[in-house]
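Just below is one structure, and these are the notes that go with it.
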Amino acid sequence: MAETKTLTDHDDIRNWAAARAGKPALSDPAPGMTGEEPVLRITFGQHAYLDTDEGADQIGGLQLIEWDEWFRLFDERELALVVSEDVPGQRDEFHEIVRR
């Protein structure tokens with residue numbers, strides 16, 4: 001398994017996501033999860049390129065949101081982002097959102 005690092009700084013997280021064309025998103029809680037709060041996500045691929053000019057997108061249970069809203073929830077919930085250490089020539093999208 002690759003080495004990981006934990007990010008909490010907003011600029012570091014935004015830069016990590018931007019390098020992988022990642023966008024901030026929310027999703028509904030998975031069945032069986034406790035609580036009813038939306039789950040913070042970073043989405044990649046086709047979901048990251050959706051046209052958001054017409055408002056919030058709901059594709060496959062994901063709602064793209066602005067970074068400001070994502071970071072507000074991230075800080076309120078006292079979360080951190082665990083990512084793989086960068087390896088030259090690779091852009092690993094592995095990430096996990098965990099409690100600090």
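Every chain in the structure tokens has a letter given in the order shown (A, B, ...), and although residue numbers restart at 1 in each chain, ligands are simply numbered from 1 in the order shown.
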
query = Near range 40-44 of chain A, counting only C-alpha atoms, which residues have an atom at most 6 Å away, once you skip same-chain residues fewer than 3 positions from it, shown as number ranges by chain?
reply = A: 22-26, 48

Residues of the last selection are to be written out with C-alpha atoms, as a short mmCIF file (atom, residue, chain, number, x, y, z; two decimals), in the first residue's frame.
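Just written: out_37.cif:
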data_model
loop_
_atom_site.label_atom_id
_atom_site.label_comp_id
_atom_site.auth_asym_id
_atom_site.auth_seq_id
_atom_site.Cartn_x
_atom_site.Cartn_y
_atom_site.Cartn_z
CA GLY A 22 -11.87 16.63 -8.67
CA LYS A 23 -14.96 18.62 -7.70
CA PRO A 24 -16.67 18.98 -4.30
CA ALA A 25 -19.96 17.13 -3.91
CA LEU A 26 -22.52 15.82 -1.45
CA ALA A 48 -16.55 16.54 -12.24
#

key: Within 12 Å of Gly45 in chain A using only C-alpha atoms, minus same-chain residues under 5 positions, as number ranges by chain   = A: 17, 20-23, 50, 93

task = Enter the distance from CA of Arg77 in chain A to CA of Ile13 in chain A, in Å, rounded to one decimal.
result =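 Those two atoms sit 15.8 Å apart.
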
query = Looking at A:Val98, A:Gln90, A:Ser27, A:Leu81, which one is nearest to His10 in chain A, with distances taken over only C-alpha atoms?
reply =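 Closest candidate: A:Leu81.
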
request  = Calculate how many Å separate CA of Lys5 in chain A from CA of Glu96 in chain A, rounding to one decimal.
outcome  =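 According to the coordinates, CA of Lys5 in chain A and CA of Glu96 in chain A are separated by 10.6 Å.
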
Extract, using only C-alpha atoms, all DNA, RNA and protein residues at most 9 Å from Glu85 in chain A, discarding same-chain residues fewer than 5 positions from it, and format them as a compact mmCIF listing (two decimals) with C-alpha atoms, in the first residue's frame.
# COMPACT_ATOMS: atom_id res chain seq x y z
CA ALA A 2 1.18 3.51 -0.81
CA GLU A 3 2.18 5.96 1.88
CA THR A 4 -0.54 8.41 2.86
CA LYS A 5 -0.75 11.92 4.22
CA ASP A 92 -3.70 8.54 -7.67

query = From the set A:Ala18, A:Leu7, A:Val39, A:Ile65, which residue has the shortest atom-to-atom contact distance to Ser84 in chain A, counting only C-alpha atoms?
reply =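 Checking each of A:Ala18, A:Leu7, A:Val39, A:Ile65 against Ser84 in chain A, counting only C-alpha atoms, the winner is A:Leu7.
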
Need the shell around Ile97 in chain A: protein/DNA/RNA residues with any atom at most 7 Å away, counting only C-alpha atoms. Skip same-chain ones fewer than 4 positions apart. Format as a short mmCIF file (atom, residue, chain, number, x, y, z; two decimals) with C-alpha atoms, in the first residue's frame?
data_model
loop_
_atom_site.label_atom_id
_atom_site.label_comp_id
_atom_site.auth_asym_id
_atom_site.auth_seq_id
_atom_site.Cartn_x
_atom_site.Cartn_y
_atom_site.Cartn_z
CA LEU A 79 -12.93 16.16 9.20
CA ALA A 80 -9.61 15.49 7.46
CA LEU A 81 -8.73 14.16 4.01
CA VAL A 82 -6.35 11.21 3.80
#

key: Atom-to-atom span, CA of Thr8 in chain A and CA of Phe71 in chain A, Å   =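 Computed distance, CA of Thr8 in chain A to CA of Phe71 in chain A, equals 9.7 Å.
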